[in-house]
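Shown next: upload_27.cif, given as mmCIF, C-alpha atoms.
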data_run
loop_
_atom_site.label_atom_id
_atom_site.label_comp_id
_atom_site.auth_asym_id
_atom_site.auth_seq_id
_atom_site.Cartn_x
_atom_site.Cartn_y
_atom_site.Cartn_z
CA MET A 68 1.82 6.93 -7.43
CA LYS A 69 -0.60 9.44 -6.04
CA TYR A 70 -0.21 10.27 -2.35
CA GLY A 71 -2.25 12.33 0.08
CA ILE A 72 -1.99 13.40 3.71
CA VAL A 73 -5.05 13.45 5.96
CA ALA A 74 -6.17 13.32 9.58
CA PHE A 75 -9.05 11.03 10.50
CA PRO A 76 -11.27 12.49 13.24
CA SER A 77 -12.73 10.30 16.00
CA LYS A 78 -15.04 7.40 15.20
CA LYS A 79 -17.94 9.51 16.51
CA LEU A 80 -17.39 12.30 13.99
CA GLN A 81 -16.62 9.84 11.18
CA ASP A 82 -19.91 8.02 11.84
CA LEU A 83 -21.82 11.29 11.76
CA ALA A 84 -20.10 12.42 8.54
CA ASN A 85 -20.78 9.02 6.97
CA SER A 86 -24.49 9.28 7.76
CA TYR A 87 -24.53 12.17 5.24
CA ARG A 88 -21.82 10.92 2.89
CA LYS A 89 -23.65 7.65 2.33
CA ARG A 90 -26.36 9.56 0.51
CA TYR A 91 -24.54 12.63 -0.78
CA ASP A 92 -20.88 11.84 -1.46
CA PRO A 93 -19.82 9.51 -4.30
CA HIS A 94 -16.40 9.22 -2.59
CA TYR A 95 -18.10 7.58 0.40
CA SER A 96 -16.57 4.16 -0.23
CA LEU A 97 -13.14 5.38 -1.35
CA ILE A 98 -11.82 6.84 1.91
CA PRO A 99 -13.11 7.32 5.49
CA PRO A 100 -14.22 10.84 6.52
CA HIS A 101 -11.10 12.97 6.81
CA LEU A 102 -9.51 16.41 7.09
CA THR A 103 -7.13 16.90 4.15
CA LEU A 104 -3.79 18.36 5.26
CA LYS A 105 -2.07 18.14 1.88
CA ALA A 106 -3.94 17.69 -1.38
CA PRO A 107 -3.13 14.61 -3.50
CA PHE A 108 0.32 14.82 -5.11
CA GLU A 109 2.29 12.64 -7.50
CA ALA A 110 5.56 11.10 -6.37
CA ASP A 111 7.77 8.23 -7.48
CA GLU A 112 7.91 5.23 -5.18
CA ASN A 113 11.67 5.79 -4.91
CA GLN A 114 11.00 9.22 -3.38
CA LEU A 115 8.84 7.62 -0.71
CA ASN A 116 11.59 7.16 1.85
CA GLU A 117 12.58 10.79 1.55
CA ILE A 118 8.95 11.89 1.99
CA VAL A 119 8.55 9.68 5.07
CA ILE A 120 11.67 11.22 6.64
CA LYS A 121 10.27 14.72 6.00
CA LEU A 122 6.94 13.72 7.54
CA GLN A 123 8.67 12.24 10.59
CA LYS A 124 10.43 15.59 11.15
CA ILE A 125 7.21 17.52 10.66
CA SER A 126 5.20 15.31 13.01
CA LYS A 127 7.89 15.44 15.66
CA SER A 128 8.23 19.24 15.52
CA ASN A 129 4.49 19.89 15.69
CA LYS A 130 1.98 19.09 18.38
CA PRO A 131 -1.56 17.72 18.65
CA PHE A 132 -4.13 20.33 17.66
CA PRO A 133 -7.72 21.04 18.73
CA LEU A 134 -10.31 20.25 16.08
CA HIS A 135 -13.39 22.40 16.51
CA VAL A 136 -16.03 21.73 13.89
CA TYR A 137 -18.67 24.42 14.17
CA LYS A 138 -20.78 24.80 11.04
CA VAL A 139 -21.93 23.29 7.78
CA SER A 140 -20.55 25.31 4.89
CA SER A 141 -19.99 25.04 1.14
CA PHE A 142 -17.41 26.02 -1.50
CA GLU A 143 -20.07 27.40 -3.80
CA PRO A 144 -19.71 29.05 -6.31
CA VAL A 145 -16.28 27.40 -6.86
CA ASN A 146 -17.82 23.94 -6.54
CA ASN A 147 -20.74 22.40 -4.69
CA VAL A 148 -18.81 20.57 -2.00
CA ILE A 149 -20.64 20.72 1.35
CA TYR A 150 -18.53 20.24 4.46
CA PHE A 151 -18.16 20.46 8.23
CA LYS A 152 -16.08 23.60 8.67
CA ALA A 153 -13.24 23.42 11.20
CA GLU A 154 -11.87 26.44 13.01
CA ILE A 155 -8.38 27.37 11.93
CA ASN A 156 -5.84 27.63 14.75
CA GLU A 157 -2.09 28.24 14.96
CA ASP A 158 -1.12 24.60 15.49
CA LEU A 159 -3.16 23.38 12.55
CA GLN A 160 -1.96 26.24 10.31
CA LYS A 161 1.64 25.42 11.21
CA ILE A 162 1.23 21.73 10.27
CA TYR A 163 -0.39 22.72 6.98
CA GLN A 164 2.45 25.14 6.18
CA ASP A 165 5.13 22.59 7.07
CA LEU A 166 3.47 19.98 4.84
CA HIS A 167 3.56 22.46 1.96
CA GLU A 168 7.27 23.18 2.20
CA PHE A 169 7.78 20.24 -0.14
CA GLY A 170 5.93 19.61 -3.40
CA ASP A 171 3.46 21.99 -4.95
CA GLN A 172 2.32 25.10 -3.20
CA PRO A 173 -1.36 25.04 -2.25
CA PRO A 174 -3.54 26.44 -5.04
CA TYR A 175 -5.84 28.21 -2.56
CA SER A 176 -5.87 29.32 1.06
CA PHE A 177 -6.39 26.66 3.70
CA VAL A 178 -10.00 26.03 4.69
CA PRO A 179 -9.87 23.07 7.07
CA HIS A 180 -12.93 20.91 6.48
CA ILE A 181 -14.46 17.45 6.42
CA THR A 182 -16.43 16.85 3.21
CA ILE A 183 -19.94 15.43 3.68
CA ALA A 184 -21.45 15.96 0.19
CA GLN A 185 -20.16 16.58 -3.33
CA LYS A 186 -20.98 16.18 -7.03
CA LEU A 187 -24.67 16.82 -6.44
CA SER A 188 -26.91 18.13 -9.18
CA HIS A 189 -27.64 21.84 -8.90
CA SER A 190 -31.19 21.38 -7.61
CA GLU A 191 -30.21 18.62 -5.19
CA TYR A 192 -27.34 20.76 -3.92
CA SER A 193 -29.61 23.61 -2.80
CA ASP A 194 -32.01 21.31 -0.97
CA VAL A 195 -29.26 19.33 0.75
CA PHE A 196 -27.21 22.37 1.70
CA ASN A 197 -30.19 24.22 3.16
CA SER A 198 -31.26 21.21 5.15
CA LEU A 199 -27.76 20.33 6.48
CA ARG A 200 -27.02 23.96 7.31
CA MET A 201 -30.16 24.03 9.45
CA VAL A 202 -29.12 20.87 11.32
CA GLY A 203 -25.65 22.32 11.84
CA ILE A 204 -22.70 20.78 13.68
CA GLU A 205 -20.83 21.45 16.93
CA HIS A 206 -18.02 19.12 17.90
CA GLN A 207 -14.63 19.36 19.58
CA GLU A 208 -11.79 16.90 19.91
CA GLU A 209 -8.02 16.68 19.71
CA ILE A 210 -6.14 15.35 16.69
CA ASP A 211 -2.82 13.74 17.61
CA ARG A 212 -1.76 12.11 14.33
CA PHE A 213 -1.89 12.27 10.55
CA HIS A 214 -1.53 9.62 7.86
CA LEU A 215 0.23 9.28 4.52
CA LEU A 216 -2.02 7.47 2.04
CA TYR A 217 -1.64 6.27 -1.53
CA GLN A 218 -4.33 5.78 -4.14
CA LEU A 219 -5.14 2.44 -5.76
CA ASP A 220 -6.25 2.00 -9.38
CA ASN A 221 -9.90 1.91 -8.28
CA GLU A 222 -9.42 5.41 -6.73
CA SER A 223 -9.70 4.16 -3.15
CA TRP A 224 -6.98 5.05 -0.64
CA THR A 225 -4.75 2.81 1.49
CA VAL A 226 -2.83 4.08 4.54
CA TYR A 227 0.94 3.76 4.15
CA GLU A 228 2.01 5.20 7.48
CA THR A 229 0.83 7.04 10.59
CA PHE A 230 2.72 10.00 12.06
CA ARG A 231 2.04 10.97 15.67
CA LEU A 232 2.26 14.69 16.39
CA GLY A 233 4.90 15.63 18.92
CA LYS A 234 6.39 12.12 18.89
CA GLU A 235 9.42 10.45 17.30
CA MET B 270 -15.08 -0.57 19.56
CA LYS B 271 -14.07 -3.33 17.21
CA TYR B 272 -10.39 -3.45 16.28
CA GLY B 273 -8.41 -5.52 13.79
CA ILE B 274 -4.77 -5.92 12.78
CA VAL B 275 -3.78 -6.32 9.15
CA ALA B 276 -0.92 -5.89 6.71
CA PHE B 277 -1.60 -4.23 3.38
CA PRO B 278 0.45 -5.71 0.53
CA SER B 279 1.95 -3.51 -2.21
CA LYS B 280 -0.27 -1.40 -4.46
CA LYS B 281 0.41 -3.88 -7.28
CA LEU B 282 -1.03 -6.83 -5.36
CA GLN B 283 -3.90 -4.74 -3.95
CA ASP B 284 -4.86 -3.64 -7.48
CA LEU B 285 -4.83 -7.25 -8.68
CA ALA B 286 -6.90 -8.44 -5.70
CA ASN B 287 -9.35 -5.58 -6.24
CA SER B 288 -9.87 -6.56 -9.88
CA TYR B 289 -11.49 -9.75 -8.48
CA ARG B 290 -12.98 -8.29 -5.29
CA LYS B 291 -14.88 -5.66 -7.27
CA ARG B 292 -17.04 -8.42 -8.72
CA TYR B 293 -16.86 -11.14 -6.10
CA ASP B 294 -16.39 -9.63 -2.63
CA PRO B 295 -19.14 -7.60 -0.92
CA HIS B 296 -16.46 -6.24 1.48
CA TYR B 297 -14.72 -4.61 -1.48
CA SER B 298 -15.58 -1.06 -0.38
CA LEU B 299 -15.11 -1.61 3.36
CA ILE B 300 -11.34 -2.19 3.51
CA PRO B 301 -8.44 -2.39 1.04
CA PRO B 302 -7.07 -5.87 0.19
CA HIS B 303 -5.22 -7.14 3.25
CA LEU B 304 -3.61 -10.02 5.12
CA THR B 305 -5.34 -10.39 8.50
CA LEU B 306 -2.83 -10.86 11.33
CA LYS B 307 -5.35 -10.76 14.17
CA ALA B 308 -9.08 -11.29 13.66
CA PRO B 309 -11.44 -8.48 14.74
CA PHE B 310 -11.66 -8.14 18.53
CA GLU B 311 -13.65 -5.95 20.91
CA ALA B 312 -11.84 -3.54 23.20
CA ASP B 313 -12.76 -0.45 25.19
CA GLU B 314 -11.31 2.82 23.96
CA ASN B 315 -9.64 3.19 27.36
CA GLN B 316 -7.67 -0.01 26.69
CA LEU B 317 -6.37 1.45 23.44
CA ASN B 318 -3.19 2.93 24.87
CA GLU B 319 -2.27 -0.37 26.47
CA ILE B 320 -2.89 -2.20 23.17
CA VAL B 321 -0.76 0.30 21.27
CA ILE B 322 2.12 -0.19 23.73
CA LYS B 323 1.87 -3.97 23.25
CA LEU B 324 1.88 -3.55 19.48
CA GLN B 325 4.91 -1.26 19.63
CA LYS B 326 6.81 -3.95 21.54
CA ILE B 327 5.71 -6.65 19.11
CA SER B 328 6.62 -4.63 16.03
CA LYS B 329 9.99 -3.72 17.47
CA SER B 330 10.86 -7.30 18.43
CA ASN B 331 9.88 -8.77 15.07
CA LYS B 332 11.27 -8.14 11.60
CA PRO B 333 9.96 -7.63 8.08
CA PHE B 334 8.78 -10.88 6.53
CA PRO B 335 8.66 -12.22 2.98
CA LEU B 336 5.17 -12.48 1.51
CA HIS B 337 4.99 -15.20 -1.12
CA VAL B 338 1.53 -15.57 -2.60
CA TYR B 339 1.51 -18.74 -4.70
CA LYS B 340 -1.97 -20.08 -5.34
CA VAL B 341 -5.69 -19.41 -5.36
CA SER B 342 -7.36 -21.49 -2.66
CA SER B 343 -10.64 -21.68 -0.74
CA PHE B 344 -11.92 -22.45 2.77
CA GLU B 345 -14.62 -24.75 1.46
CA PRO B 346 -16.37 -26.64 3.01
CA VAL B 347 -16.07 -24.34 6.09
CA ASN B 348 -17.12 -21.34 4.03
CA ASN B 349 -16.82 -20.25 0.41
CA VAL B 350 -14.12 -17.60 0.84
CA ILE B 351 -11.68 -17.66 -2.10
CA TYR B 352 -8.23 -16.22 -1.47
CA PHE B 353 -4.63 -15.75 -2.55
CA LYS B 354 -2.78 -18.20 -0.33
CA ALA B 355 0.47 -16.97 1.23
CA GLU B 356 3.28 -19.27 2.24
CA ILE B 357 3.75 -19.52 5.99
CA ASN B 358 7.24 -18.75 7.26
CA GLU B 359 8.88 -18.41 10.66
CA ASP B 360 8.85 -14.61 10.77
CA LEU B 361 5.18 -14.39 9.86
CA GLN B 362 4.22 -17.20 12.27
CA LYS B 363 6.11 -15.43 15.07
CA ILE B 364 4.26 -12.14 14.48
CA TYR B 365 0.93 -13.98 14.45
CA GLN B 366 1.75 -15.76 17.71
CA ASP B 367 2.90 -12.56 19.41
CA LEU B 368 -0.30 -10.79 18.35
CA HIS B 369 -2.32 -13.60 19.94
CA GLU B 370 -0.65 -13.40 23.33
CA PHE B 371 -3.29 -10.83 24.23
CA GLY B 372 -7.03 -11.16 23.73
CA ASP B 373 -8.74 -14.29 22.46
CA GLN B 374 -6.81 -17.24 21.22
CA PRO B 375 -7.26 -17.89 17.49
CA PRO B 376 -10.21 -20.20 16.83
CA TYR B 377 -8.35 -22.01 14.04
CA SER B 378 -4.82 -22.52 12.79
CA PHE B 379 -3.22 -19.66 10.88
CA VAL B 380 -3.71 -19.75 7.12
CA PRO B 381 -2.19 -16.50 5.85
CA HIS B 382 -4.29 -15.25 2.96
CA ILE B 383 -5.71 -12.29 1.04
CA THR B 384 -9.43 -12.68 0.40
CA ILE B 385 -10.56 -12.06 -3.19
CA ALA B 386 -14.12 -13.47 -3.13
CA GLN B 387 -16.74 -14.32 -0.49
CA LYS B 388 -20.46 -14.69 0.13
CA LEU B 389 -21.08 -16.07 -3.35
CA SER B 390 -24.05 -18.30 -4.10
CA HIS B 391 -23.15 -21.99 -4.31
CA SER B 392 -23.34 -22.17 -8.09
CA GLU B 393 -21.44 -18.91 -8.58
CA TYR B 394 -18.78 -20.08 -6.13
CA SER B 395 -17.90 -23.17 -8.18
CA ASP B 396 -17.60 -21.25 -11.43
CA VAL B 397 -15.55 -18.43 -9.92
CA PHE B 398 -13.25 -20.72 -7.95
CA ASN B 399 -12.53 -22.96 -10.92
CA SER B 400 -11.79 -20.00 -13.13
CA LEU B 401 -9.59 -18.13 -10.61
CA ARG B 402 -7.72 -21.31 -9.69
CA MET B 403 -6.86 -21.77 -13.37
CA VAL B 404 -5.54 -18.21 -13.64
CA GLY B 405 -3.53 -18.70 -10.44
CA ILE B 406 -1.18 -16.24 -8.72
CA GLU B 407 2.58 -15.94 -8.20
CA HIS B 408 3.89 -12.91 -6.36
CA GLN B 409 6.65 -12.09 -3.91
CA GLU B 410 7.35 -9.01 -1.84
CA GLU B 411 8.42 -7.95 1.62
CA ILE B 412 6.02 -6.71 4.30
CA ASP B 413 7.65 -4.26 6.71
CA ARG B 414 4.65 -2.97 8.70
CA PHE B 415 1.22 -3.73 10.06
CA HIS B 416 -1.73 -1.54 11.00
CA LEU B 417 -4.22 -1.33 13.85
CA LEU B 418 -7.68 -0.49 12.48
CA TYR B 419 -11.08 0.18 14.02
CA GLN B 420 -14.49 -0.38 12.51
CA LEU B 421 -17.02 2.38 11.89
CA ASP B 422 -20.79 1.98 12.20
CA ASN B 423 -21.08 1.39 8.44
CA GLU B 424 -18.70 -1.62 8.84
CA SER B 425 -15.83 0.08 7.00
CA TRP B 426 -12.40 0.25 8.65
CA THR B 427 -10.21 3.25 9.48
CA VAL B 428 -6.49 2.96 10.25
CA TYR B 429 -5.60 4.08 13.76
CA GLU B 430 -1.87 3.48 13.68
CA THR B 431 0.97 1.92 11.70
CA PHE B 432 3.66 -0.24 13.30
CA ARG B 433 6.92 -0.77 11.45
CA LEU B 434 8.51 -4.16 11.94
CA GLY B 435 11.96 -4.07 13.52
CA LYS B 436 11.63 -0.34 14.33
CA GLU B 437 10.86 1.69 17.46
#
Go ahead and render the structure in this file as structure tokens.
Amino acid sequence: MKYGIVAFPSKKLQDLANSYRKRYDPHYSLIPPHLTLKAPFEADENQLNEIVIKLQKISKSNKPFPLHVYKVSSFEPVNNVIYFKAEINEDLQKIYQDLHEFGDQPPYSFVPHITIAQKLSHSEYSDVFNSLRMVGIEHQEEIDRFHLLYQLDNESWTVYETFRLGKE
Amino acid sequence: MKYGIVAFPSKKLQDLANSYRKRYDPHYSLIPPHLTLKAPFEADENQLNEIVIKLQKISKSNKPFPLHVYKVSSFEPVNNVIYFKAEINEDLQKIYQDLHEFGDQPPYSFVPHITIAQKLSHSEYSDVFNSLRMVGIEHQEEIDRFHLLYQLDNESWTVYETFRLGKE
């Protein structure tokens, strides 16, 4: 099975992200707006218990972190994903590192973000990015939990379990 | 905000349900296949903590229950929802009752089910129901958790928290 670990921001920020994703993100219906903490990874179902125990330890030994989303950015030229960029901070970096002590090492440095557009044509990309960058974003909240998800055959994601930061 | 409480069955059963929902259920992209344990209810965000504490007590004082899905049925003539019917059992009934000790009382008796089709035209309904009833369903598993979800503006659902049955 394919698993992933994400944090869902508040309903307010999800609704705002969805107002863009609806038009510009073909993954719109597969998963709610999210901050990826560990990229999708393959694991056997019989490893699941072991993973859950690791995640319980990680959630307990970390604490809620501030999420400050402060600009619209893009991964171009690597790819044309457009996202709300979140400020990195020690607490968030620590959670990310802990989550990467098992499984594959991250293929690139951590850029915390919430995707709002992807897989656009080249011409559409430029228009959308310029327009969203002008609108901008400024939002703060606290994230106190993350979720372990698994992917269904139709590529949508189901939550398996929630882990509350700083709690048993 | 609007909240709901559901159990997600195994990936295997979700994939099977989705193979029908994709064609016959307009809610297909709003939530993964699920067994509703408490119908959607309105609550203020400031009541959320209190609700979570209630759900922690309920999950702790109940235990995992067997899910036996044994036939394709329908709510006709009330409505034309087609579903995988699950056998009622004491453990499941107890969880349902406990979850209805707060908020509104259920407007009808509990028929545990996983929806696979709804909002079909009358003629389509008859064809689909007859064909799915012939195919049938026979599946057993154990459910060891339920989830509290909230609804976004686009009517999709995000998981807020998982509660493991029989655990703290």
Take chain A, superimpose it onto chain B by least squares using every C-alpha atom paired in sequence order, and output the result as a tab-separated table (two decimals) with C-alpha atoms, in the coordinates of the input.
chain	number	residue	atom	x	y	z
A	68	MET	CA	-15.08	-0.58	19.55
A	69	LYS	CA	-14.07	-3.33	17.21
A	70	TYR	CA	-10.39	-3.46	16.27
A	71	GLY	CA	-8.41	-5.53	13.79
A	72	ILE	CA	-4.77	-5.92	12.79
A	73	VAL	CA	-3.78	-6.33	9.15
A	74	ALA	CA	-0.91	-5.89	6.71
A	75	PHE	CA	-1.61	-4.22	3.38
A	76	PRO	CA	0.45	-5.71	0.53
A	77	SER	CA	1.94	-3.51	-2.21
A	78	LYS	CA	-0.26	-1.39	-4.45
A	79	LYS	CA	0.41	-3.88	-7.27
A	80	LEU	CA	-1.03	-6.83	-5.35
A	81	GLN	CA	-3.89	-4.73	-3.95
A	82	ASP	CA	-4.86	-3.65	-7.48
A	83	LEU	CA	-4.83	-7.24	-8.67
A	84	ALA	CA	-6.90	-8.43	-5.69
A	85	ASN	CA	-9.35	-5.58	-6.23
A	86	SER	CA	-9.86	-6.56	-9.86
A	87	TYR	CA	-11.49	-9.74	-8.47
A	88	ARG	CA	-12.98	-8.28	-5.30
A	89	LYS	CA	-14.88	-5.66	-7.25
A	90	ARG	CA	-17.03	-8.41	-8.71
A	91	TYR	CA	-16.86	-11.14	-6.08
A	92	ASP	CA	-16.39	-9.63	-2.61
A	93	PRO	CA	-19.14	-7.60	-0.91
A	94	HIS	CA	-16.47	-6.25	1.48
A	95	TYR	CA	-14.73	-4.60	-1.47
A	96	SER	CA	-15.56	-1.07	-0.38
A	97	LEU	CA	-15.11	-1.62	3.37
A	98	ILE	CA	-11.35	-2.20	3.53
A	99	PRO	CA	-8.43	-2.39	1.05
A	100	PRO	CA	-7.06	-5.87	0.19
A	101	HIS	CA	-5.22	-7.14	3.25
A	102	LEU	CA	-3.61	-10.03	5.12
A	103	THR	CA	-5.34	-10.41	8.50
A	104	LEU	CA	-2.83	-10.86	11.33
A	105	LYS	CA	-5.36	-10.78	14.17
A	106	ALA	CA	-9.07	-11.30	13.66
A	107	PRO	CA	-11.43	-8.48	14.74
A	108	PHE	CA	-11.65	-8.14	18.53
A	109	GLU	CA	-13.65	-5.96	20.90
A	110	ALA	CA	-11.84	-3.55	23.20
A	111	ASP	CA	-12.75	-0.45	25.18
A	112	GLU	CA	-11.32	2.82	23.95
A	113	ASN	CA	-9.64	3.20	27.35
A	114	GLN	CA	-7.68	-0.01	26.69
A	115	LEU	CA	-6.38	1.45	23.44
A	116	ASN	CA	-3.20	2.93	24.87
A	117	GLU	CA	-2.29	-0.37	26.46
A	118	ILE	CA	-2.89	-2.20	23.16
A	119	VAL	CA	-0.75	0.31	21.26
A	120	ILE	CA	2.12	-0.19	23.73
A	121	LYS	CA	1.87	-3.98	23.25
A	122	LEU	CA	1.88	-3.55	19.47
A	123	GLN	CA	4.91	-1.25	19.63
A	124	LYS	CA	6.81	-3.96	21.54
A	125	ILE	CA	5.70	-6.64	19.10
A	126	SER	CA	6.62	-4.62	16.02
A	127	LYS	CA	9.99	-3.70	17.46
A	128	SER	CA	10.87	-7.29	18.42
A	129	ASN	CA	9.87	-8.76	15.06
A	130	LYS	CA	11.26	-8.15	11.61
A	131	PRO	CA	9.96	-7.62	8.07
A	132	PHE	CA	8.77	-10.88	6.53
A	133	PRO	CA	8.67	-12.22	2.96
A	134	LEU	CA	5.17	-12.48	1.51
A	135	HIS	CA	5.00	-15.20	-1.11
A	136	VAL	CA	1.55	-15.58	-2.60
A	137	TYR	CA	1.51	-18.73	-4.69
A	138	LYS	CA	-1.98	-20.08	-5.33
A	139	VAL	CA	-5.69	-19.41	-5.35
A	140	SER	CA	-7.36	-21.48	-2.66
A	141	SER	CA	-10.64	-21.69	-0.74
A	142	PHE	CA	-11.91	-22.44	2.78
A	143	GLU	CA	-14.61	-24.75	1.47
A	144	PRO	CA	-16.38	-26.64	3.02
A	145	VAL	CA	-16.07	-24.35	6.10
A	146	ASN	CA	-17.12	-21.33	4.03
A	147	ASN	CA	-16.81	-20.24	0.42
A	148	VAL	CA	-14.12	-17.62	0.84
A	149	ILE	CA	-11.68	-17.66	-2.09
A	150	TYR	CA	-8.24	-16.22	-1.45
A	151	PHE	CA	-4.63	-15.75	-2.54
A	152	LYS	CA	-2.78	-18.21	-0.33
A	153	ALA	CA	0.46	-16.98	1.24
A	154	GLU	CA	3.29	-19.27	2.26
A	155	ILE	CA	3.73	-19.52	5.99
A	156	ASN	CA	7.24	-18.74	7.25
A	157	GLU	CA	8.87	-18.42	10.67
A	158	ASP	CA	8.84	-14.62	10.77
A	159	LEU	CA	5.18	-14.38	9.87
A	160	GLN	CA	4.23	-17.20	12.27
A	161	LYS	CA	6.10	-15.43	15.07
A	162	ILE	CA	4.25	-12.14	14.48
A	163	TYR	CA	0.93	-13.98	14.44
A	164	GLN	CA	1.75	-15.77	17.71
A	165	ASP	CA	2.89	-12.56	19.40
A	166	LEU	CA	-0.32	-10.79	18.35
A	167	HIS	CA	-2.32	-13.60	19.93
A	168	GLU	CA	-0.65	-13.39	23.32
A	169	PHE	CA	-3.28	-10.82	24.23
A	170	GLY	CA	-7.03	-11.16	23.71
A	171	ASP	CA	-8.74	-14.26	22.44
A	172	GLN	CA	-6.83	-17.24	21.22
A	173	PRO	CA	-7.25	-17.89	17.50
A	174	PRO	CA	-10.22	-20.18	16.81
A	175	TYR	CA	-8.35	-22.02	14.04
A	176	SER	CA	-4.81	-22.52	12.79
A	177	PHE	CA	-3.22	-19.67	10.87
A	178	VAL	CA	-3.72	-19.75	7.11
A	179	PRO	CA	-2.20	-16.51	5.85
A	180	HIS	CA	-4.30	-15.24	2.96
A	181	ILE	CA	-5.69	-12.28	1.05
A	182	THR	CA	-9.43	-12.67	0.41
A	183	ILE	CA	-10.56	-12.05	-3.19
A	184	ALA	CA	-14.13	-13.46	-3.12
A	185	GLN	CA	-16.73	-14.31	-0.49
A	186	LYS	CA	-20.47	-14.70	0.13
A	187	LEU	CA	-21.07	-16.08	-3.35
A	188	SER	CA	-24.03	-18.29	-4.12
A	189	HIS	CA	-23.16	-21.97	-4.31
A	190	SER	CA	-23.33	-22.15	-8.10
A	191	GLU	CA	-21.43	-18.90	-8.58
A	192	TYR	CA	-18.79	-20.08	-6.13
A	193	SER	CA	-17.89	-23.17	-8.18
A	194	ASP	CA	-17.60	-21.23	-11.43
A	195	VAL	CA	-15.54	-18.42	-9.91
A	196	PHE	CA	-13.26	-20.71	-7.94
A	197	ASN	CA	-12.54	-22.95	-10.92
A	198	SER	CA	-11.80	-20.00	-13.14
A	199	LEU	CA	-9.58	-18.13	-10.61
A	200	ARG	CA	-7.73	-21.31	-9.69
A	201	MET	CA	-6.86	-21.77	-13.36
A	202	VAL	CA	-5.53	-18.20	-13.63
A	203	GLY	CA	-3.52	-18.71	-10.46
A	204	ILE	CA	-1.18	-16.25	-8.73
A	205	GLU	CA	2.58	-15.95	-8.18
A	206	HIS	CA	3.89	-12.91	-6.37
A	207	GLN	CA	6.65	-12.08	-3.91
A	208	GLU	CA	7.36	-9.01	-1.84
A	209	GLU	CA	8.43	-7.95	1.63
A	210	ILE	CA	6.03	-6.72	4.30
A	211	ASP	CA	7.65	-4.25	6.71
A	212	ARG	CA	4.65	-2.96	8.69
A	213	PHE	CA	1.21	-3.74	10.06
A	214	HIS	CA	-1.72	-1.53	11.01
A	215	LEU	CA	-4.23	-1.32	13.85
A	216	LEU	CA	-7.68	-0.50	12.48
A	217	TYR	CA	-11.07	0.18	14.02
A	218	GLN	CA	-14.49	-0.39	12.51
A	219	LEU	CA	-17.02	2.37	11.88
A	220	ASP	CA	-20.80	1.97	12.21
A	221	ASN	CA	-21.09	1.38	8.45
A	222	GLU	CA	-18.70	-1.63	8.83
A	223	SER	CA	-15.83	0.07	7.00
A	224	TRP	CA	-12.40	0.25	8.64
A	225	THR	CA	-10.21	3.25	9.49
A	226	VAL	CA	-6.48	2.96	10.25
A	227	TYR	CA	-5.60	4.08	13.77
A	228	GLU	CA	-1.87	3.47	13.68
A	229	THR	CA	0.97	1.92	11.69
A	230	PHE	CA	3.66	-0.25	13.30
A	231	ARG	CA	6.93	-0.77	11.44
A	232	LEU	CA	8.52	-4.18	11.94
A	233	GLY	CA	11.96	-4.07	13.51
A	234	LYS	CA	11.63	-0.36	14.33
A	235	GLU	CA	10.85	1.70	17.43
Which polymer residues have any atom within 7 Å of an atom of Lys307 of chain B, counting all atoms listed in the file, with same-chain residues fewer than 2 positions away left out, as a PyMOL selection string? chain B and resi 273-275+305+309+368
Would you write out those residues with C-alpha atoms, as a PDB file, in the coordinates of the input?
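As written to disk, part-v6.pdb reads:
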ATOM      1  CA  GLY B 273      -8.410  -5.520  13.790  1.00  0.00           C
ATOM      2  CA  ILE B 274      -4.770  -5.920  12.780  1.00  0.00           C
ATOM      3  CA  VAL B 275      -3.780  -6.320   9.150  1.00  0.00           C
ATOM      4  CA  THR B 305      -5.340 -10.390   8.500  1.00  0.00           C
ATOM      5  CA  PRO B 309     -11.440  -8.480  14.740  1.00  0.00           C
ATOM      6  CA  LEU B 368      -0.300 -10.790  18.350  1.00  0.00           C
TER       7      LEU B 368
END
| request: Would you list the contacts of Gln160 of chain A as a list in words, taking every protein, DNA or RNA residue within 10 Å and counting all atoms listed in the file, but skipping same-chain residues closer than 6 positions in sequence? | output: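 The filter keeps Leu104, Phe132, Leu166, Phe177, Val178 and Pro179 of chain A.
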Which residues are close to segment 187-204 of chain A, i.e. within 12 Å by only C-alpha atoms, leaving aside same-chain residues fewer than 2 positions away? Reply as number ranges by chain. A: 80, 83-84, 86-88, 90-94, 135-144, 146-153, 181, 183-185, 206-207
Just-selected residues, C-alpha atoms written as a short mmCIF file (atom, residue, chain, number, x, y, z; two decimals), keeping the file's coordinate frame:
data_model
loop_
_atom_site.label_atom_id
_atom_site.label_comp_id
_atom_site.auth_asym_id
_atom_site.auth_seq_id
_atom_site.Cartn_x
_atom_site.Cartn_y
_atom_site.Cartn_z
CA LEU A 80 -17.39 12.30 13.99
CA LEU A 83 -21.82 11.29 11.76
CA ALA A 84 -20.10 12.42 8.54
CA SER A 86 -24.49 9.28 7.76
CA TYR A 87 -24.53 12.17 5.24
CA ARG A 88 -21.82 10.92 2.89
CA ARG A 90 -26.36 9.56 0.51
CA TYR A 91 -24.54 12.63 -0.78
CA ASP A 92 -20.88 11.84 -1.46
CA PRO A 93 -19.82 9.51 -4.30
CA HIS A 94 -16.40 9.22 -2.59
CA HIS A 135 -13.39 22.40 16.51
CA VAL A 136 -16.03 21.73 13.89
CA TYR A 137 -18.67 24.42 14.17
CA LYS A 138 -20.78 24.80 11.04
CA VAL A 139 -21.93 23.29 7.78
CA SER A 140 -20.55 25.31 4.89
CA SER A 141 -19.99 25.04 1.14
CA PHE A 142 -17.41 26.02 -1.50
CA GLU A 143 -20.07 27.40 -3.80
CA PRO A 144 -19.71 29.05 -6.31
CA ASN A 146 -17.82 23.94 -6.54
CA ASN A 147 -20.74 22.40 -4.69
CA VAL A 148 -18.81 20.57 -2.00
CA ILE A 149 -20.64 20.72 1.35
CA TYR A 150 -18.53 20.24 4.46
CA PHE A 151 -18.16 20.46 8.23
CA LYS A 152 -16.08 23.60 8.67
CA ALA A 153 -13.24 23.42 11.20
CA ILE A 181 -14.46 17.45 6.42
CA ILE A 183 -19.94 15.43 3.68
CA ALA A 184 -21.45 15.96 0.19
CA GLN A 185 -20.16 16.58 -3.33
CA HIS A 206 -18.02 19.12 17.90
CA GLN A 207 -14.63 19.36 19.58
#
